[in-house]
>>> print(open('protein_30.txt').read())   # compact mmCIF, C-alpha atoms
# COMPACT_ATOMS: atom_id res chain seq x y z
CA MET A 145 -12.24 -56.59 -100.60
CA PRO A 146 -13.05 -57.37 -96.97
CA PRO A 147 -11.17 -55.40 -94.31
CA ARG A 148 -8.14 -56.91 -92.63
CA LEU A 149 -8.92 -58.74 -89.44
CA ALA A 150 -7.86 -56.81 -86.38
CA SER A 151 -5.51 -58.44 -83.88
CA PRO A 152 -7.23 -60.24 -80.99
CA ALA A 153 -8.67 -57.66 -78.64
CA VAL A 154 -7.82 -57.41 -74.95
CA PHE A 155 -10.42 -58.18 -72.34
CA PRO A 156 -11.69 -55.23 -70.29
CA PRO A 157 -11.33 -55.51 -66.50
CA PRO A 158 -13.50 -58.37 -65.18
CA LEU A 159 -16.73 -57.74 -63.31
CA LYS A 160 -15.93 -58.38 -59.68
CA GLU A 161 -18.26 -59.94 -57.14
CA GLY A 162 -20.60 -57.26 -55.83
CA GLY A 163 -19.62 -54.90 -58.66
CA THR A 164 -21.84 -52.25 -60.21
CA ILE A 165 -23.69 -52.73 -63.50
CA GLY A 166 -24.95 -49.68 -65.36
CA ILE A 167 -28.08 -49.86 -67.54
CA VAL A 168 -28.51 -47.84 -70.75
CA SER A 169 -30.92 -47.97 -73.70
CA PRO A 170 -29.12 -47.22 -76.99
CA ALA A 171 -32.06 -48.39 -79.11
CA ARG A 172 -35.80 -48.76 -78.47
CA TRP A 173 -37.26 -47.72 -75.14
CA PRO A 174 -37.84 -50.48 -72.57
CA LYS A 175 -40.95 -50.87 -70.48
CA ARG A 176 -40.56 -49.74 -66.88
CA GLU A 177 -41.56 -53.19 -65.63
CA TRP A 178 -38.77 -54.77 -67.70
CA ILE A 179 -36.26 -52.47 -66.06
CA ALA A 180 -37.62 -53.23 -62.59
CA ARG A 181 -37.63 -57.02 -63.06
CA GLY A 182 -34.22 -57.08 -64.74
CA LYS A 183 -32.72 -54.85 -62.07
CA ALA A 184 -34.12 -57.10 -59.35
CA LEU A 185 -32.56 -60.19 -60.93
CA LEU A 186 -29.13 -58.57 -61.17
CA GLU A 187 -29.41 -57.51 -57.53
CA GLN A 188 -30.39 -61.05 -56.53
CA HIS A 189 -27.05 -62.16 -57.95
CA GLY A 190 -25.28 -59.73 -55.65
CA TYR A 191 -24.58 -56.81 -58.00
CA GLU A 192 -25.28 -53.14 -57.53
CA VAL A 193 -27.35 -51.68 -60.37
CA VAL A 194 -27.43 -48.09 -61.64
CA VAL A 195 -30.24 -47.31 -64.10
CA HIS A 196 -29.43 -44.21 -66.13
CA ALA A 197 -32.32 -41.73 -66.29
CA GLN A 198 -32.13 -41.92 -70.09
CA ASN A 199 -33.76 -45.37 -69.97
CA TYR A 200 -37.09 -43.72 -69.21
CA LEU A 201 -37.05 -41.29 -72.11
CA LYS A 202 -39.17 -41.78 -75.23
CA GLU A 203 -38.87 -40.29 -78.70
CA GLY A 204 -41.03 -42.29 -81.06
CA GLN A 205 -39.77 -45.88 -80.84
CA LEU A 206 -36.45 -44.80 -79.37
CA ALA A 207 -35.33 -44.26 -75.78
CA GLY A 208 -34.83 -40.54 -76.17
CA SER A 209 -32.99 -38.46 -78.76
CA ASP A 210 -29.79 -39.61 -80.44
CA ALA A 211 -27.88 -37.11 -78.31
CA ALA A 212 -29.43 -38.38 -75.09
CA ARG A 213 -28.73 -42.02 -75.90
CA ALA A 214 -25.13 -41.33 -76.90
CA GLU A 215 -24.60 -39.18 -73.80
CA ALA A 216 -25.90 -41.99 -71.57
CA ILE A 217 -23.35 -44.41 -73.01
CA MET A 218 -20.56 -41.89 -72.48
CA ASP A 219 -21.75 -41.24 -68.92
CA MET A 220 -21.50 -44.92 -68.08
CA PHE A 221 -17.99 -45.26 -69.49
CA ALA A 222 -16.82 -42.10 -67.73
CA ASP A 223 -18.28 -43.10 -64.35
CA ARG A 224 -15.49 -44.91 -62.47
CA THR A 225 -18.04 -46.52 -60.11
CA ILE A 226 -19.60 -48.47 -63.01
CA ASP A 227 -17.86 -51.81 -63.64
CA ALA A 228 -19.93 -53.13 -66.58
CA ILE A 229 -22.63 -51.80 -68.89
CA MET A 230 -25.73 -53.72 -69.95
CA CYS A 231 -28.11 -52.55 -72.65
CA ALA A 232 -31.80 -52.70 -71.82
CA ARG A 233 -33.28 -53.40 -75.25
CA GLY A 234 -32.38 -53.73 -78.93
CA GLY A 235 -34.65 -53.26 -81.95
CA THR A 236 -33.33 -50.23 -83.81
CA GLY A 237 -31.46 -47.00 -83.11
CA SER A 238 -27.86 -48.00 -82.38
CA LEU A 239 -26.70 -47.24 -85.92
CA ARG A 240 -27.63 -43.59 -85.36
CA LEU A 241 -25.10 -43.37 -82.51
CA LEU A 242 -21.92 -44.75 -84.06
CA ASP A 243 -20.60 -41.37 -85.20
CA LYS A 244 -21.68 -39.65 -81.98
CA LEU A 245 -19.49 -41.50 -79.47
CA ASP A 246 -16.09 -40.37 -78.15
CA TYR A 247 -14.09 -43.53 -78.80
CA LYS A 248 -10.89 -42.05 -77.38
CA ALA A 249 -12.60 -41.45 -74.05
CA ILE A 250 -14.14 -44.94 -74.11
CA LYS A 251 -10.72 -46.47 -74.84
CA ARG A 252 -9.33 -44.75 -71.74
CA ASN A 253 -12.06 -46.35 -69.61
CA PRO A 254 -12.55 -49.93 -70.88
CA LYS A 255 -15.31 -51.97 -69.30
CA PRO A 256 -17.62 -54.77 -70.48
CA LEU A 257 -20.48 -53.74 -72.76
CA VAL A 258 -23.23 -56.38 -73.08
CA GLY A 259 -26.09 -56.75 -75.54
CA PHE A 260 -27.13 -58.34 -78.82
CA SER A 261 -29.45 -57.88 -81.81
CA ASP A 262 -29.34 -54.14 -82.64
CA ILE A 263 -26.51 -53.78 -80.10
CA THR A 264 -24.35 -55.79 -82.53
CA LEU A 265 -23.55 -52.41 -84.09
CA LEU A 266 -22.11 -50.99 -80.87
CA LEU A 267 -20.22 -54.18 -80.04
CA HIS A 268 -18.33 -53.95 -83.33
CA ALA A 269 -17.83 -50.19 -83.20
CA LEU A 270 -16.17 -50.38 -79.78
CA HIS A 271 -14.15 -53.45 -80.70
CA ARG A 272 -12.83 -51.81 -83.89
CA ARG A 273 -12.23 -48.32 -82.48
CA CYS A 274 -11.17 -49.12 -78.92
CA GLY A 275 -9.49 -52.51 -79.23
CA PHE A 276 -11.19 -54.31 -76.36
CA VAL A 277 -13.51 -57.31 -76.24
CA THR A 278 -17.25 -56.63 -76.15
CA PHE A 279 -19.89 -59.15 -75.14
CA HIS A 280 -22.71 -60.51 -77.28
CA GLY A 281 -25.09 -61.49 -74.51
CA PRO A 282 -28.55 -60.97 -73.02
CA LEU A 283 -30.30 -57.64 -72.77
CA LEU A 284 -31.94 -56.53 -69.55
CA TRP A 285 -35.39 -57.23 -70.98
CA ASN A 286 -34.39 -60.86 -71.60
CA PHE A 287 -34.00 -61.30 -67.86
CA ALA A 288 -37.43 -59.75 -67.38
CA GLU A 289 -39.15 -61.93 -70.01
CA SER A 290 -37.37 -65.30 -69.72
CA ASP A 291 -37.04 -67.66 -66.80
CA ASP A 292 -34.10 -69.64 -68.22
CA PRO A 293 -31.36 -69.32 -65.58
CA ARG A 294 -28.58 -70.36 -67.98
CA SER A 295 -28.44 -66.91 -69.58
CA ALA A 296 -27.56 -65.18 -66.31
CA LYS A 297 -25.23 -68.00 -65.22
CA ASP A 298 -23.20 -67.80 -68.43
CA LEU A 299 -23.14 -64.00 -68.41
CA PHE A 300 -21.72 -63.64 -64.90
CA ALA A 301 -19.25 -66.48 -65.40
CA ILE A 302 -17.89 -64.91 -68.60
CA LEU A 303 -17.76 -61.33 -67.30
CA SER A 304 -16.16 -62.22 -63.97
CA GLY A 305 -13.79 -64.96 -65.12
CA GLU A 306 -10.07 -64.57 -65.36
CA GLY A 307 -7.68 -66.81 -67.30
CA THR A 308 -9.15 -69.53 -69.50
CA ARG A 309 -12.93 -69.56 -69.75
CA SER A 310 -15.09 -72.08 -71.58
CA LEU A 311 -18.65 -72.74 -72.68
CA ARG A 312 -20.02 -76.22 -73.26
CA ILE A 313 -23.22 -76.31 -75.28
CA SER A 314 -25.06 -79.59 -75.90
CA LYS A 315 -28.22 -80.38 -77.85
CA ILE A 316 -27.27 -78.38 -80.92
CA ASP A 317 -27.00 -79.51 -84.53
CA CYS A 318 -23.32 -79.98 -85.36
CA VAL A 319 -23.41 -80.42 -89.14
CA ARG A 320 -19.66 -80.64 -89.69
CA HIS A 321 -17.42 -81.69 -86.83
CA GLY A 322 -13.95 -80.32 -86.27
CA HIS A 323 -11.72 -77.87 -84.41
CA ALA A 324 -10.86 -74.28 -85.20
CA GLU A 325 -9.00 -71.37 -83.64
CA GLY A 326 -9.28 -67.69 -84.44
CA VAL A 327 -10.76 -64.33 -83.50
CA LEU A 328 -14.49 -64.60 -82.77
CA THR A 329 -16.75 -62.13 -84.54
CA GLY A 330 -20.39 -61.92 -85.52
CA GLY A 331 -23.86 -61.07 -84.31
CA ASN A 332 -27.14 -60.24 -85.99
CA ILE A 333 -27.02 -60.84 -89.76
CA SER A 334 -29.02 -57.73 -90.68
CA HIS A 335 -26.86 -55.42 -88.57
CA LEU A 336 -23.60 -57.01 -89.69
CA GLU A 337 -24.69 -56.15 -93.22
CA HIS A 338 -25.29 -52.54 -92.15
CA LEU A 339 -21.65 -52.25 -91.03
CA MET A 340 -20.18 -53.37 -94.33
CA GLY A 341 -18.28 -50.62 -96.12
CA THR A 342 -18.09 -48.43 -93.00
CA SER A 343 -15.16 -47.74 -90.69
CA TYR A 344 -16.76 -50.19 -88.24
CA ASP A 345 -16.65 -53.06 -90.73
CA TRP A 346 -15.77 -56.62 -89.76
CA SER A 347 -13.85 -59.57 -91.15
CA THR A 348 -13.66 -63.28 -90.40
CA ARG A 349 -10.47 -64.00 -92.32
CA ASP A 350 -8.66 -66.59 -90.18
CA GLY A 351 -11.47 -66.21 -87.65
CA ILE A 352 -14.66 -67.82 -86.36
CA LEU A 353 -18.04 -66.37 -87.31
CA PHE A 354 -21.30 -66.56 -85.36
CA ILE A 355 -24.58 -65.27 -86.85
CA GLU A 356 -28.27 -65.09 -85.99
CA ASP A 357 -31.42 -63.22 -86.97
CA VAL A 358 -35.09 -62.86 -86.12
CA ASP A 359 -38.40 -62.03 -87.80
CA GLU A 360 -37.15 -62.15 -91.40
CA PRO A 361 -38.42 -64.04 -94.48
CA ILE A 362 -36.14 -66.72 -95.88
CA TYR A 363 -35.52 -64.81 -99.09
CA LYS A 364 -34.15 -61.84 -97.13
CA ILE A 365 -31.75 -64.08 -95.22
CA ASP A 366 -30.62 -65.50 -98.57
CA GLU A 367 -30.03 -61.99 -99.96
CA LYS A 368 -28.05 -60.87 -96.91
CA LEU A 369 -25.85 -63.96 -96.83
CA ARG A 370 -25.28 -63.81 -100.59
CA HIS A 371 -24.28 -60.15 -100.28
CA MET A 372 -21.79 -61.06 -97.57
CA ARG A 373 -20.39 -63.91 -99.65
CA LEU A 374 -20.04 -61.76 -102.78
CA ALA A 375 -18.34 -59.07 -100.68
CA GLY A 376 -15.78 -61.62 -99.48
CA ARG A 377 -16.85 -61.68 -95.86
CA PHE A 378 -16.68 -65.49 -95.69
CA GLU A 379 -13.22 -65.75 -97.25
CA GLY A 380 -10.79 -67.45 -94.91
CA VAL A 381 -13.35 -68.16 -92.19
CA ARG A 382 -12.31 -71.16 -90.09
CA ALA A 383 -15.69 -72.15 -88.59
CA VAL A 384 -19.28 -70.91 -88.51
CA ILE A 385 -21.75 -70.94 -85.63
CA VAL A 386 -25.39 -70.35 -86.61
CA GLY A 387 -27.58 -69.29 -83.72
CA GLU A 388 -31.26 -69.90 -83.20
CA MET A 389 -33.20 -68.33 -86.07
CA ILE A 390 -36.49 -67.22 -84.54
CA ASP A 391 -39.70 -66.32 -86.43
CA ILE A 392 -38.21 -66.87 -89.87
CA SER A 393 -41.06 -67.08 -92.38
CA ASP A 394 -41.53 -68.15 -95.99
CA GLY A 395 -43.37 -66.70 -98.97
CA GLU A 396 -42.98 -63.63 -101.17
CA THR A 397 -43.64 -61.14 -98.37
CA GLY A 398 -42.80 -63.34 -95.43
CA LEU A 399 -46.33 -63.12 -94.09
CA ASN A 400 -47.44 -66.61 -95.18
CA ARG A 401 -50.71 -65.36 -96.58
CA LYS A 402 -52.93 -67.90 -98.29
CA GLY A 403 -51.93 -68.46 -101.88
CA GLU A 404 -48.37 -67.18 -101.54
CA LYS A 405 -45.67 -69.19 -103.24
CA PRO A 406 -42.87 -70.41 -100.98
CA TYR A 407 -39.35 -69.23 -101.70
CA GLY A 408 -38.33 -72.69 -102.87
CA ARG A 409 -35.42 -73.13 -100.48
CA SER A 410 -35.47 -73.98 -96.82
CA LEU A 411 -33.59 -71.82 -94.34
CA ARG A 412 -31.07 -74.62 -93.88
CA GLU A 413 -30.50 -74.83 -97.63
CA VAL A 414 -29.95 -71.09 -97.80
CA PHE A 415 -27.19 -71.33 -95.19
CA LEU A 416 -25.54 -74.33 -96.80
CA GLU A 417 -25.58 -72.64 -100.22
CA ASN A 418 -23.94 -69.46 -98.97
CA LEU A 419 -21.56 -70.48 -96.18
CA PRO A 420 -18.14 -72.05 -96.86
CA PRO A 421 -18.58 -75.78 -97.57
CA ASP A 422 -15.46 -77.11 -95.88
CA VAL A 423 -15.32 -75.66 -92.36
CA PRO A 424 -16.82 -76.83 -89.02
CA LEU A 425 -20.46 -75.75 -88.85
CA CYS A 426 -23.28 -75.94 -86.32
CA PHE A 427 -26.89 -74.78 -86.11
CA ASP A 428 -29.17 -73.81 -83.21
CA PHE A 429 -26.42 -72.43 -80.98
CA PRO A 430 -28.00 -70.37 -78.15
CA CYS A 431 -26.78 -66.96 -79.34
CA GLY A 432 -30.00 -65.75 -80.95
CA HIS A 433 -33.43 -64.58 -79.88
CA GLY A 434 -34.38 -67.75 -77.98
CA LYS A 435 -35.03 -68.02 -74.24
CA TYR A 436 -31.47 -69.14 -73.53
CA ILE A 437 -28.88 -66.59 -74.66
CA THR A 438 -25.28 -67.37 -73.83
CA THR A 439 -22.53 -64.75 -73.80
CA LEU A 440 -19.84 -64.61 -76.50
CA PRO A 441 -16.70 -62.40 -76.47
CA VAL A 442 -16.55 -60.41 -79.69
CA GLY A 443 -12.94 -59.86 -80.73
CA ALA A 444 -11.42 -62.52 -78.47
CA SER A 445 -9.09 -65.27 -79.65
CA VAL A 446 -11.03 -68.51 -79.14
CA ARG A 447 -10.86 -72.26 -79.71
CA LEU A 448 -13.95 -74.09 -80.97
CA ALA A 449 -14.61 -77.82 -80.99
CA LEU A 450 -17.73 -79.25 -82.66
CA GLY A 451 -18.61 -82.92 -82.25
CA LYS A 452 -21.30 -85.43 -81.50
CA ASN A 453 -21.67 -84.09 -77.96
CA GLY A 454 -22.14 -80.48 -79.05
CA ALA A 455 -19.82 -77.49 -78.93
CA GLU A 456 -17.05 -76.33 -76.64
CA LEU A 457 -15.79 -72.76 -76.93
CA SER A 458 -12.79 -71.70 -74.85
CA PHE A 459 -10.90 -68.43 -74.60
>>> encode(input="protein_30.txt", output="structure tokens")
Amino acid sequence: MPPRLASPAVFPPPLKEGGTIGIVSPARWPKREWIARGKALLEQHGYEVVVHAQNYLKEGQLAGSDAARAEAIMDMFADRTIDAIMCARGGTGSLRLLDKLDYKAIKRNPKPLVGFSDITLLLHALHRRCGFVTFHGPLLWNFAESDDPRSAKDLFAILSGEGTRSLRISKIDCVRHGHAEGVLTGGNISHLEHLMGTSYDWSTRDGILFIEDVDEPIYKIDEKLRHMRLAGRFEGVRAVIVGEMIDISDGETGLNRKGEKPYGRSLREVFLENLPPDVPLCFDFPCGHGKYITTLPVGASVRLALGKNGAELSF
């Protein structure tokens, strides 16, 4: 049975104008030039930036040892001069940290944590254990590699806003129109699957789900979604937002080599076969690995409207 849905989380203190953003790398190590360019962009928007020394460590693919990466996260939460925390890169590694964090200490010092992809794991761990909203949004390297200004605009508006906040997204594929209200949860499909059966598990019962993935063959997406469905994770969901699915391939291995047989189902068919058939649904929402990555509040109570003009999400 899926876990019970937690009550709507509280928002951490907003990021104030001129506030300080701390940078950590819980997963793969970032290139120094990514850090420099991302830091410069945040400073151009008027924020102070503190780059933890851990960001420059390397241990294989990861940004230092598990202990060093966990310690950097704890340092940023403990430091009262840091107002928000942004992760530099995703990839892999965050799962190794979930049982190494002091959630009681983090709960005493709530502040926005921002990231996506592999950081999905940390967003849910903090939401479940600490009870505050976390933010599925751009990584520092996205600012270094993309010139789409909407990602930064949305991020700062969401983190600094007080009271009712809203996102209006046009030019997406709204398959089934309608309205829904509930707690927003989701993230990367592969990493959501990793959380199932753990104490950091998630539920969308009476909630709204958003999902995305990257660099996977269609058959793997089908397997992951079918696993979630069989495990009851789509029971009671009120609406589904599917983000941009980037570099999704076909074939037996996903490499599209000559002579391979296709899976026999399109990616769209895979979603329609597995997701609930009677709830509002949209595709191509900018919460994936595209150039434009909006910011979504994991654990917040939200209202979603899908129609011919796109989507409106308010909270």
>>> closest_residue(input="protein_30.txt", among="A:Leu419, A:Leu284, A:Ala212, A:Val194", to="Leu374 in chain A", atoms="all atoms listed in the file")
A:Leu419
>>> closest_residue(input="protein_30.txt", among="A:Pro152, A:Gly451, A:Pro174, A:Pro420", to="Met372 in chain A", atoms="only C-alpha atoms")
A:Pro420
>>> atom_distance(input="protein_30.txt", atom1="CA of Pro293 in chain A", atom2="CA of His268 in chain A")
26.9 Å
>>> closest_residue(input="protein_30.txt", among="A:Ala288, A:Leu425, A:Ala324, A:Ala375", to="Ala184 in chain A", atoms="all atoms listed in the file")
A:Ala288
>>> residues_around(input="protein_30.txt", residues="Ile165 in chain A", least_positions_apart="4", cutoff="9 Å", atoms="only C-alpha atoms", output="CSV table (one decimal) with C-alpha atoms, in the coordinates of the input")
chain,number,residue,atom,x,y,z
A,159,LEU,CA,-16.7,-57.7,-63.3
A,186,LEU,CA,-29.1,-58.6,-61.2
A,191,TYR,CA,-24.6,-56.8,-58.0
A,192,GLU,CA,-25.3,-53.1,-57.5
A,193,VAL,CA,-27.4,-51.7,-60.4
A,194,VAL,CA,-27.4,-48.1,-61.6
A,195,VAL,CA,-30.2,-47.3,-64.1
A,226,ILE,CA,-19.6,-48.5,-63.0
A,227,ASP,CA,-17.9,-51.8,-63.6
A,228,ALA,CA,-19.9,-53.1,-66.6
A,229,ILE,CA,-22.6,-51.8,-68.9
A,230,MET,CA,-25.7,-53.7,-70.0
>>> closest_residue(input="protein_30.txt", among="A:Phe300, A:Phe429, A:Phe354, A:Phe459", to="His189 in chain A", atoms="all atoms listed in the file")
A:Phe300
>>> closest_residue(input="protein_30.txt", among="A:Lys368, A:Arg272, A:Lys405, A:His280", to="Ser343 in chain A", atoms="all atoms listed in the file")
A:Arg272
>>> closest_residue(input="protein_30.txt", among="A:Cys431, A:Met220, A:Ala153, A:Ile437", to="His271 in chain A", atoms="all atoms listed in the file")
A:Ala153
>>> residues_around(input="protein_30.txt", residues="Met218 in chain A", least_positions_apart="6", cutoff="9 Å", atoms="all atoms listed in the file", output="list in words")
Leu245, Asp246, Ala249 and Ile250 of chain A
>>> atom_distance(input="protein_30.txt", atom1="CA of Asp219 in chain A", atom2="CA of Glu187 in chain A")
21.3 Å
>>> atom_distance(input="protein_30.txt", atom1="CA of Gly326 in chain A", atom2="CA of Ile313 in chain A")
18.8 Å
>>> residues_around(input="protein_30.txt", residues="Met340 in chain A", least_positions_apart="3", cutoff="12 Å", atoms="all atoms listed in the file", output="list in words")
Met145, Pro146, Pro147, Leu265, His268, Ala269, Ile333, Ser334, His335, Leu336, Glu337, Ser343, Tyr344, Asp345, Trp346, Ser347, Lys368, His371, Met372, Arg373, Leu374, Ala375, Gly376 and Arg377 of chain A
>>> residues_around(input="protein_30.txt", residues="Asn286 in chain A", least_positions_apart="5", cutoff="10 Å", atoms="all atoms listed in the file", output="VMD selection string")
chain A and resid 178 181 to 182 232 to 233 281 291 to 292 295 to 296 433 to 437
>>> write_last_selection(input="protein_30.txt", atoms="C-alpha atoms", output="short mmCIF file (atom, residue, chain, number, x, y, z; two decimals), keeping the file's coordinate frame")
data_model
loop_
_atom_site.label_atom_id
_atom_site.label_comp_id
_atom_site.auth_asym_id
_atom_site.auth_seq_id
_atom_site.Cartn_x
_atom_site.Cartn_y
_atom_site.Cartn_z
CA TRP A 178 -38.77 -54.77 -67.70
CA ARG A 181 -37.63 -57.02 -63.06
CA GLY A 182 -34.22 -57.08 -64.74
CA ALA A 232 -31.80 -52.70 -71.82
CA ARG A 233 -33.28 -53.40 -75.25
CA GLY A 281 -25.09 -61.49 -74.51
CA ASP A 291 -37.04 -67.66 -66.80
CA ASP A 292 -34.10 -69.64 -68.22
CA SER A 295 -28.44 -66.91 -69.58
CA ALA A 296 -27.56 -65.18 -66.31
CA HIS A 433 -33.43 -64.58 -79.88
CA GLY A 434 -34.38 -67.75 -77.98
CA LYS A 435 -35.03 -68.02 -74.24
CA TYR A 436 -31.47 -69.14 -73.53
CA ILE A 437 -28.88 -66.59 -74.66
#
>>> residues_around(input="protein_30.txt", residues="Leu299 in chain A", least_positions_apart="2", cutoff="10 Å", atoms="all atoms listed in the file", output="PyMOL selection string")
chain A and resi 258+279-282+294-297+301-305+437-440
